[in-house]
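Student: Below is the file query_23.txt, which contains compact mmCIF, C-alpha atoms and all ligand atoms.
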# COMPACT_ATOMS: atom_id res chain seq x y z
CA MET L 2 -27.41 -16.12 -10.44
CA SER L 3 -28.15 -12.46 -10.71
CA THR L 4 -27.87 -10.06 -13.56
CA ASN L 5 -26.55 -7.19 -11.45
CA GLU L 6 -23.59 -5.19 -12.54
CA PHE L 7 -20.52 -6.40 -10.62
CA ILE L 8 -19.52 -3.97 -7.87
CA ASP L 9 -15.84 -4.65 -7.44
CA LEU L 10 -14.71 -3.86 -3.90
CA ARG L 11 -11.90 -6.43 -3.85
CA SER L 12 -9.20 -3.78 -4.07
CA ASP L 13 -8.42 -0.26 -5.25
CA THR L 14 -6.08 -1.89 -7.77
CA VAL L 15 -9.08 -2.70 -10.02
CA THR L 16 -9.54 0.90 -11.23
CA ARG L 17 -9.47 1.28 -15.01
CA PRO L 18 -7.54 4.14 -16.58
CA SER L 19 -9.68 7.19 -17.37
CA THR L 20 -10.10 8.49 -20.91
CA ALA L 21 -7.61 11.24 -20.12
CA MET L 22 -5.10 8.61 -18.98
CA ARG L 23 -5.59 6.57 -22.15
CA ASP L 24 -5.10 9.72 -24.24
CA ALA L 25 -1.98 10.63 -22.26
CA ALA L 26 -0.55 7.13 -22.79
CA ARG L 27 -1.09 7.35 -26.53
CA ASP L 28 0.46 10.80 -26.82
CA ALA L 29 3.34 10.34 -24.36
CA GLY L 30 6.82 11.38 -25.34
CA VAL L 31 8.99 8.27 -25.03
CA GLY L 32 12.59 7.06 -25.15
CA ASP L 33 14.63 4.18 -23.76
CA ASP L 34 14.33 4.59 -20.01
CA VAL L 35 17.31 2.34 -19.24
CA TYR L 36 19.36 5.00 -21.08
CA ARG L 37 17.30 7.57 -19.10
CA ASP L 38 16.00 8.88 -22.41
CA ASP L 39 12.28 8.73 -21.61
CA PRO L 40 11.11 12.31 -21.00
CA THR L 41 7.79 11.22 -19.51
CA VAL L 42 9.38 8.88 -16.97
CA ASN L 43 11.94 11.56 -16.10
CA GLU L 44 9.12 14.05 -15.53
CA LEU L 45 7.14 11.56 -13.44
CA GLU L 46 10.19 10.81 -11.28
CA ARG L 47 10.83 14.52 -10.77
CA ARG L 48 7.20 15.24 -9.84
CA ALA L 49 6.95 12.17 -7.61
CA ALA L 50 10.06 13.18 -5.66
CA GLU L 51 8.60 16.66 -5.28
CA ALA L 52 5.26 15.26 -4.07
CA VAL L 53 6.96 13.57 -1.12
CA GLY L 54 9.62 16.23 -0.57
CA MET L 55 12.54 13.91 -1.32
CA GLU L 56 15.58 14.43 -3.56
CA ALA L 57 14.92 11.74 -6.13
CA ALA L 58 12.50 9.03 -7.21
CA LEU L 59 12.42 5.92 -9.36
CA TYR L 60 9.48 4.59 -11.40
CA LEU L 61 8.86 0.87 -10.91
CA PRO L 62 6.40 -1.73 -12.18
CA SER L 63 4.97 -2.50 -8.73
CA GLY L 64 4.91 -1.63 -5.05
CA THR L 65 6.35 -5.02 -4.17
CA MET L 66 9.38 -4.34 -6.35
CA ALA L 67 9.76 -0.90 -4.77
CA ASN L 68 9.80 -2.37 -1.25
CA GLN L 69 12.14 -5.20 -2.20
CA ILE L 70 14.58 -2.82 -3.89
CA ALA L 71 14.54 -0.59 -0.80
CA ILE L 72 15.36 -3.59 1.40
CA HIS L 73 18.14 -4.67 -0.97
CA VAL L 74 19.76 -1.24 -1.01
CA HIS L 75 19.47 -0.54 2.72
CA THR L 76 20.67 -3.92 4.02
CA ASP L 77 23.51 -6.43 3.71
CA PRO L 78 22.80 -10.17 3.57
CA GLY L 79 22.72 -11.69 7.04
CA GLU L 80 21.32 -8.58 8.70
CA GLU L 81 17.87 -8.27 10.24
CA LEU L 82 14.89 -6.40 8.87
CA LEU L 83 12.66 -5.09 11.64
CA LEU L 84 9.00 -4.68 10.70
CA GLU L 85 5.42 -4.93 11.93
CA ARG L 86 3.79 -8.33 12.33
CA GLU L 87 0.93 -7.65 9.92
CA SER L 88 2.88 -5.53 7.45
CA HIS L 89 2.57 -6.16 3.73
CA ILE L 90 6.30 -6.90 3.39
CA TYR L 91 6.05 -9.59 6.06
CA ARG L 92 2.69 -11.07 5.05
CA TRP L 93 2.26 -10.70 1.32
CA GLU L 94 5.62 -10.44 -0.41
CA LEU L 95 6.55 -14.12 -0.65
CA ALA L 96 9.40 -13.88 1.87
CA GLY L 97 11.14 -11.72 -0.73
CA ALA L 98 13.39 -10.10 1.86
CA SER L 99 15.02 -13.46 2.61
CA LYS L 100 15.00 -14.74 -0.97
CA LEU L 101 16.16 -11.59 -2.74
CA SER L 102 18.25 -9.88 -0.08
CA GLY L 103 19.27 -12.63 2.34
CA VAL L 104 17.97 -10.82 5.40
CA GLN L 105 16.21 -12.29 8.41
CA THR L 106 12.97 -10.64 9.42
CA ARG L 107 12.04 -9.79 12.99
CA ALA L 108 8.41 -8.86 13.47
CA ILE L 109 6.97 -6.58 16.16
CA ASP L 110 3.26 -6.65 16.98
CA ALA L 111 2.20 -3.01 17.01
CA SER L 112 -1.52 -3.84 17.21
CA GLU L 113 -3.95 -1.02 16.30
CA ARG L 114 -1.14 1.52 16.61
CA CYS L 115 0.23 -0.06 13.40
CA VAL L 116 3.69 1.40 13.93
CA PRO L 117 5.89 0.19 16.81
CA THR L 118 6.56 2.51 19.72
CA THR L 119 9.99 3.98 20.41
CA GLU L 120 10.38 1.47 23.25
CA ALA L 121 9.48 -1.48 21.02
CA VAL L 122 11.94 -0.41 18.34
CA GLU L 123 14.70 0.08 20.94
CA ARG L 124 13.94 -3.31 22.48
CA GLU L 125 13.95 -5.23 19.19
CA LEU L 126 16.92 -3.60 17.47
CA VAL L 127 19.90 -5.92 17.56
CA THR L 128 23.52 -4.87 17.66
CA GLU L 129 25.98 -7.05 15.84
CA ASP L 130 28.22 -9.21 18.04
CA LEU L 131 29.66 -12.70 18.02
CA HIS L 132 26.17 -14.28 18.14
CA ARG L 133 23.81 -11.72 16.66
CA PRO L 134 23.35 -10.11 13.29
CA GLY L 135 22.87 -6.36 13.27
CA THR L 136 19.57 -4.71 12.32
CA GLY L 137 19.93 -3.34 8.80
CA LEU L 138 16.59 -1.64 8.36
CA LEU L 139 13.35 -0.68 10.09
CA SER L 140 10.29 -0.79 7.82
CA LEU L 141 6.99 0.92 8.64
CA GLU L 142 3.63 0.99 6.82
CA ASN L 143 1.13 3.85 6.34
CA THR L 144 -1.75 3.47 5.68
CA HIS L 145 -1.65 0.06 7.28
CA ASN L 146 -3.41 -2.28 4.88
CA TYR L 147 -4.10 -5.40 6.92
CA ARG L 148 -5.15 -3.51 10.02
CA GLY L 149 -7.87 -1.81 7.98
CA GLY L 150 -6.37 1.11 6.10
CA ILE L 151 -5.45 2.93 9.28
CA ALA L 152 -3.83 6.34 8.73
CA VAL L 153 -0.98 6.35 11.22
CA PRO L 154 -0.33 9.76 12.81
CA THR L 155 2.88 11.37 11.60
CA ALA L 156 4.26 11.60 15.15
CA HIS L 157 4.18 7.79 15.48
CA VAL L 158 6.09 7.32 12.22
CA ASP L 159 8.60 9.98 13.28
CA ALA L 160 9.15 8.40 16.70
CA ALA L 161 9.82 4.92 15.31
CA ALA L 162 12.14 6.25 12.59
CA ASP L 163 14.02 8.41 15.11
CA ALA L 164 14.53 5.40 17.39
CA ALA L 165 16.07 3.48 14.49
CA HIS L 166 18.27 6.42 13.51
CA ASP L 167 19.53 6.75 17.07
CA ALA L 168 20.96 3.25 16.62
CA GLY L 169 22.36 4.09 13.18
CA VAL L 170 19.65 2.09 11.39
CA PRO L 171 17.79 3.54 8.38
CA ALA L 172 13.98 3.59 8.13
CA HIS L 173 11.80 2.78 5.13
CA LEU L 174 8.09 3.53 4.79
CA ASP L 175 5.82 1.28 2.76
CA GLY L 176 3.38 4.01 1.81
CA ALA L 177 1.53 2.06 -0.89
CA ARG L 178 -1.44 4.24 0.14
CA LEU L 179 0.61 7.19 1.43
CA PHE L 180 -1.71 9.74 -0.14
CA ASN L 181 -4.76 8.14 1.46
CA ALA L 182 -2.97 8.68 4.77
CA ALA L 183 -2.12 12.27 3.88
CA VAL L 184 -5.71 13.08 2.89
CA ALA L 185 -7.14 11.38 6.00
CA LEU L 186 -4.68 13.09 8.34
CA GLY L 187 -5.03 16.44 6.57
CA VAL L 188 -1.28 16.80 6.12
CA ASP L 189 1.05 16.97 3.15
CA ALA L 190 2.57 13.60 2.18
CA SER L 191 6.02 15.14 2.65
CA GLU L 192 5.27 15.62 6.36
CA ILE L 193 4.54 11.91 6.82
CA VAL L 194 7.87 10.89 5.29
CA GLU L 195 10.01 13.63 6.80
CA HIS L 196 11.81 11.29 9.22
CA VAL L 197 12.19 8.20 7.00
CA ASP L 198 14.99 7.57 4.52
CA SER L 199 12.92 6.07 1.72
CA VAL L 200 9.27 5.62 0.78
CA THR L 201 7.26 3.45 -1.58
CA PHE L 202 3.90 4.57 -2.95
CA CYS L 203 1.57 3.07 -5.56
CA LEU L 204 0.19 4.97 -8.53
CA SER L 205 -1.90 1.96 -9.47
CA LYS L 206 -4.23 1.85 -6.44
CA GLY L 207 -6.55 4.68 -5.42
CA LEU L 208 -4.68 7.12 -7.63
CA GLY L 209 -6.02 5.14 -10.57
CA ALA L 210 -3.02 4.67 -12.87
CA PRO L 211 -2.90 1.36 -14.76
CA VAL L 212 0.70 0.50 -13.84
CA GLY L 213 3.42 1.50 -11.49
CA SER L 214 4.81 2.53 -8.15
CA ILE L 215 7.39 5.00 -6.95
CA LEU L 216 10.39 4.58 -4.70
CA ALA L 217 11.79 7.86 -3.38
CA GLY L 218 14.80 8.80 -1.26
CA ASP L 219 18.00 10.79 -1.51
CA GLU L 220 20.02 10.87 -4.73
CA THR L 221 22.63 8.34 -3.62
CA PHE L 222 19.93 5.90 -2.54
CA ILE L 223 18.00 6.24 -5.80
CA GLU L 224 21.16 5.76 -7.89
CA ALA L 225 21.78 2.49 -6.03
CA ALA L 226 18.09 1.57 -6.41
CA ARG L 227 18.34 2.11 -10.18
CA ARG L 228 21.06 -0.56 -10.37
CA VAL L 229 19.00 -2.97 -8.26
CA ARG L 230 15.96 -2.33 -10.46
CA LYS L 231 18.05 -3.55 -13.40
CA LEU L 232 19.25 -6.54 -11.34
CA PHE L 233 15.65 -7.49 -10.47
CA GLY L 234 14.62 -7.24 -14.12
CA GLY L 235 12.65 -4.01 -13.76
CA GLY L 236 14.55 -1.84 -16.24
CA MET L 237 11.97 -0.65 -18.76
CA ARG L 238 12.29 0.86 -22.19
CA GLN L 239 9.57 3.19 -23.65
CA ALA L 240 7.88 3.29 -20.26
CA GLY L 241 6.51 6.78 -20.92
CA MET L 242 3.45 4.96 -22.25
CA ILE L 243 2.62 3.79 -18.73
CA ALA L 244 4.22 6.68 -16.85
CA ALA L 245 2.00 9.30 -18.54
CA PRO L 246 -1.16 8.10 -16.75
CA GLY L 247 0.94 8.12 -13.56
CA LEU L 248 1.47 11.85 -13.96
CA LEU L 249 -2.30 12.33 -14.09
CA ALA L 250 -2.65 10.03 -11.10
CA LEU L 251 -0.40 12.33 -9.06
CA GLU L 252 -2.76 15.19 -9.82
CA GLY L 253 -5.73 13.22 -8.51
CA VAL L 254 -4.72 13.02 -4.86
CA ASP L 255 -7.55 15.17 -3.47
CA ARG L 256 -10.13 12.88 -5.04
CA LEU L 257 -9.19 10.18 -2.52
CA SER L 258 -11.44 11.86 0.05
CA GLU L 259 -14.44 10.65 -2.01
CA ASP L 260 -13.22 7.06 -1.57
CA HIS L 261 -12.93 7.68 2.17
CA ASP L 262 -16.49 9.06 2.32
CA ASN L 263 -17.76 6.05 0.38
CA ALA L 264 -15.89 3.67 2.71
CA ALA L 265 -17.49 5.37 5.74
CA ARG L 266 -20.90 5.01 4.08
CA LEU L 267 -20.26 1.33 3.37
CA ALA L 268 -19.00 0.71 6.92
CA ASP L 269 -22.11 2.35 8.39
CA GLY L 270 -24.43 0.32 6.19
CA LEU L 271 -22.75 -3.01 6.88
CA ASP L 272 -22.26 -2.39 10.60
CA ALA L 273 -26.04 -1.96 10.88
CA LEU L 274 -26.60 -5.55 9.67
CA PRO L 275 -27.22 -8.18 12.37
CA GLY L 276 -24.02 -9.95 13.43
CA VAL L 277 -21.79 -7.82 11.22
CA ASN L 278 -19.23 -5.60 12.93
CA VAL L 279 -17.34 -2.95 11.03
CA PRO L 280 -15.08 -0.41 12.71
CA GLU L 281 -15.29 3.11 11.32
CA PRO L 282 -12.60 3.36 8.62
CA ASP L 283 -9.87 6.01 8.44
CA THR L 284 -9.47 5.70 4.68
CA ASN L 285 -10.75 3.55 1.79
CA ILE L 286 -10.47 0.10 3.38
CA ILE L 287 -13.12 -1.47 5.58
CA VAL L 288 -12.87 -4.76 7.43
CA ALA L 289 -16.16 -6.55 8.12
CA ASP L 290 -16.21 -9.11 10.94
CA THR L 291 -19.03 -11.65 10.42
CA GLU L 292 -18.26 -13.98 13.34
CA ALA L 293 -21.35 -12.95 15.33
CA ALA L 294 -23.49 -13.71 12.27
CA GLY L 295 -21.89 -17.18 12.14
CA ILE L 296 -20.50 -16.58 8.66
CA THR L 297 -16.89 -17.36 7.81
CA ALA L 298 -15.01 -15.01 5.53
CA ALA L 299 -14.77 -17.75 2.89
CA GLU L 300 -18.57 -18.19 2.93
CA PHE L 301 -19.13 -14.45 3.01
CA VAL L 302 -16.85 -13.67 0.08
CA LYS L 303 -18.49 -16.45 -1.96
CA ALA L 304 -22.02 -15.29 -1.08
CA CYS L 305 -21.15 -11.66 -1.88
CA SER L 306 -19.64 -12.73 -5.18
CA ASP L 307 -22.85 -14.63 -5.99
CA VAL L 308 -24.75 -11.34 -5.70
CA ASP L 309 -22.04 -9.55 -7.70
CA VAL L 310 -20.20 -7.76 -4.93
CA GLY L 311 -16.45 -8.35 -4.81
CA GLY L 312 -14.65 -8.53 -1.48
CA GLY L 313 -11.48 -10.19 -0.21
CA GLU L 314 -11.03 -12.83 2.50
CA PHE L 315 -8.78 -11.44 5.21
CA ASP L 316 -8.94 -13.84 8.12
CA THR L 317 -11.28 -16.57 9.40
CA HIS L 318 -14.16 -14.16 9.96
CA THR L 319 -12.94 -10.91 8.44
CA THR L 320 -13.47 -9.67 4.90
CA ARG L 321 -11.95 -6.59 3.30
CA PHE L 322 -13.89 -4.21 1.06
CA THR L 323 -12.07 -1.35 -0.65
CA THR L 324 -13.56 1.74 -2.26
CA HIS L 325 -11.96 3.42 -5.25
CA ARG L 326 -12.51 5.74 -8.19
CA ASP L 327 -14.71 3.31 -10.12
CA VAL L 328 -17.40 3.00 -7.41
CA ASP L 329 -19.66 5.84 -6.30
CA ALA L 330 -22.14 6.35 -3.46
CA ALA L 331 -24.94 4.69 -5.47
CA ASP L 332 -22.77 1.59 -5.99
CA VAL L 333 -22.07 1.53 -2.27
CA ASP L 334 -25.79 1.69 -1.48
CA ALA L 335 -26.46 -1.12 -3.95
CA ALA L 336 -23.66 -3.19 -2.40
CA ILE L 337 -25.10 -2.69 1.10
CA GLU L 338 -28.53 -3.81 -0.11
CA ARG L 339 -27.15 -6.95 -1.76
CA ILE L 340 -25.00 -7.82 1.27
CA ALA L 341 -28.01 -7.26 3.56
CA ASN L 342 -29.79 -9.99 1.59
CA VAL L 343 -26.81 -12.30 1.99
CA VAL L 344 -26.83 -11.85 5.77
CA GLU L 345 -30.61 -12.23 5.96
CA GLU L 346 -30.59 -15.44 3.91
CA HIS L 347 -27.84 -16.90 6.03
CA ALA L 348 -29.86 -16.22 9.19
CA ALA L 349 -33.01 -17.79 7.70
C1 LIG D 1 -0.52 -3.17 -2.58
C2 LIG D 1 0.53 -3.02 -1.54
C3 LIG D 1 1.88 -3.24 -1.82
C4 LIG D 1 2.35 -3.85 -3.15
O1 LIG D 1 2.01 -3.20 -4.29
P1 LIG D 1 1.88 -4.05 -5.67
O2 LIG D 1 1.91 -2.97 -6.69
O3 LIG D 1 0.60 -4.79 -5.58
O4 LIG D 1 3.07 -4.94 -5.75
C5 LIG D 1 2.80 -3.00 -0.83
N1 LIG D 1 2.43 -2.58 0.38
C6 LIG D 1 1.14 -2.37 0.70
C7 LIG D 1 0.81 -1.86 2.05
C8 LIG D 1 0.14 -2.58 -0.25
O5 LIG D 1 -1.14 -2.39 0.08
What would you get if you wrote out this structure as structure tokens?
Tutor:
Amino acid sequence: MSTNEFIDLRSDTVTRPSTAMRDAARDAGVGDDVYRDDPTVNELERRAAEAVGMEAALYLPSGTMANQIAIHVHTDPGEELLLERESHIYRWELAGASKLSGVQTRAIDASERCVPTTEAVERELVTEDLHRPGTGLLSLENTHNYRGGIAVPTAHVDAAADAAHDAGVPAHLDGARLFNAAVALGVDASEIVEHVDSVTFCLSKGLGAPVGSILAGDETFIEAARRVRKLFGGGMRQAGMIAAPGLLALEGVDRLSEDHDNAARLADGLDALPGVNVPEPDTNIIVADTEAAGITAAEFVKACSDVDVGGGEFDTHTTRFTTHRDVDAADVDAAIERIANVVEEHAA
């Protein structure tokens, strides 16, 4: 047992609301949002749509709900949803697409590219006939979480979305960490989503808000999404209380570069440890491979937790660490030192 302060690198969802966010929540103008009477939610939705250059936006309790609503609106039951093999929707959303929307998923392995090529999309799209369902939606992800927070170049997103459109199929982007991608690529978020029909992004991750995600698209799409939000039980009342910190979160986009710098620092430090391999990160997620050190991810996560560093098991030998607003460079250095001891003790 140690008496260190816990350095929580499990996820960027662990950020606590700032004092300004708590003040904003207390002072927020509110109303019944199902009646569209909440001025703070209305303002957040307006500003969120603007931030991604889309017509309209909807405030939702979570990113998962945003993705699932997008799938529900874009598809009909019995159609196929085309997505990437390691995408969040495919891996971590409890088969929601099949349970909530009755669609069959078809997964493409896009490897480190994260987004399928034009050729892959064209090959995997299915046209409805006597034996086959049609493809109802293509879903993409940027940054790509499971592949290590990779910021996918805009041209790759555009190409995949265009290939879907050429077949009359809409494209959705799971941009839970869209602004991390924008900051890493040095482009405006609106450029990344220019060719897709809808986008999800989280206010509750690196942007630091306590609750909520955004789904954006054109006005017709968002009107339909509003009905599905009610259907899925996500209609909220005086939600201005939680939307007000979201407005501040939207203003904090540039700060994400600090998380990226800290992730690079962490990756450098851990990669220098014997038997630990860490690719240079694009954004705030690093994936440490401990196979050469003979440490499984389960053992590694447990040992890190014993020295008060939080990480997340990803695969047999890979562990994810995520930087965020509540850890600074000094925390990162302390984490590296503690993890170095873990690796050293394991070798001994
Ligand atoms: C976190 C995440 C989500 C889901 O967001 P929640 O708010 O946790 O439901 C969706 N997609 C990706 C890529 C994510 O990282």
Student: Could you list, as a compact mmCIF listing (two decimals) with C-alpha atoms, in the coordinates of the input, every residue within 8 Å of Ala298 in chain L, counting only C-alpha atoms and ignoring same-chain residues fewer than 3 positions away?
Tutor:
# COMPACT_ATOMS: atom_id res chain seq x y z
CA THR L 291 -19.03 -11.65 10.42
CA PHE L 301 -19.13 -14.45 3.01
CA VAL L 302 -16.85 -13.67 0.08
CA GLU L 314 -11.03 -12.83 2.50
CA PHE L 315 -8.78 -11.44 5.21
CA ASP L 316 -8.94 -13.84 8.12
CA THR L 317 -11.28 -16.57 9.40
CA HIS L 318 -14.16 -14.16 9.96
CA THR L 319 -12.94 -10.91 8.44
CA THR L 320 -13.47 -9.67 4.90
Student: Chain L near ligand LIG 1 (chain D) within 6 Å: what's each residue's closest atom pair and its distance in Å to one decimal, counting only C-alpha atoms and all ligand atoms, ordered by chain then ascending residue number, as a tab-separated table?
Tutor:
residue	atom	partner	partner_atom	distance
L:Ser63	CA	D:LIG1	O2	3.7
L:Gly64	CA	D:LIG1	O1	3.4
L:Thr65	CA	D:LIG1	O4	3.6
L:His89	CA	D:LIG1	N1	4.9
L:Asn146	CA	D:LIG1	C7	5.1
L:Asp175	CA	D:LIG1	N1	5.7
L:Ala177	CA	D:LIG1	C6	4.7
Student: Using CA of Gln239 in chain L and CA of Asp34 in chain L as the two end points, give the distance in Å to one decimal.
Tutor: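 For CA of Gln239 in chain L relative to CA of Asp34 in chain L, the distance reads 6.2 Å.
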Student: My list of candidates is L:Arg227, L:Leu126, L:Thr201, L:Arg48. Which is closest to Ala168 in chain L when distances are computed with all atoms listed in the file?
Tutor: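 Checking each candidate against Ala168 in chain L, we get L:Leu126 as the closest.
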Student: Using only C-alpha atoms for the distances, tell me which of L:Met237, L:Ala264, L:Leu139, L:Ala98 is nearest to Gly79 in chain L.
Tutor: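 Under the stated criterion, the closest residue is L:Ala98.
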Student: Would you compute the distance between CA of Leu257 in chain L and CA of Val308 in chain L? Give it in Å to one decimal.
Tutor: 26.7 Å
Student: Give the answer as one residue: which of L:Pro154, L:Gly207, L:Gly236, L:Gly149 has the shortest atom-to-atom distance to Ala289 in chain L, using only C-alpha atoms?
Tutor: L:Gly149
Student: Pull the neighbourhood of (-11.5, 5.2, -3.5) for me: all residues within 8 Å in file coordinates, counting only C-alpha atoms, as a VMD selection string.
Tutor: chain L and resid 13 207 256 to 261 263 to 264 285 323 to 328
Student: Of the residues L:Asn342, L:Thr284, L:Met22, L:Asn68, which is the one nearest to Ala226 in chain L, using only C-alpha atoms?
Tutor: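 For Ala226 in chain L, the nearest of the given residues is L:Asn68.
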Student: Can you measure CA of Ser214 in chain L to CA of Ile90 in chain L for me? One decimal in Å is fine.
Tutor: 15.0 Å
Student: With only C-alpha atoms as the counted atoms, please give the residues lying no more than 7 Å from Gln105 in chain L, apart from itself and same-chain residues fewer than 6 positions off, as a list in words.
Tutor: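 With the cut-off at 7 Å, the set is Gly79, Glu80, Glu81, Leu82 and Ser99 of chain L.
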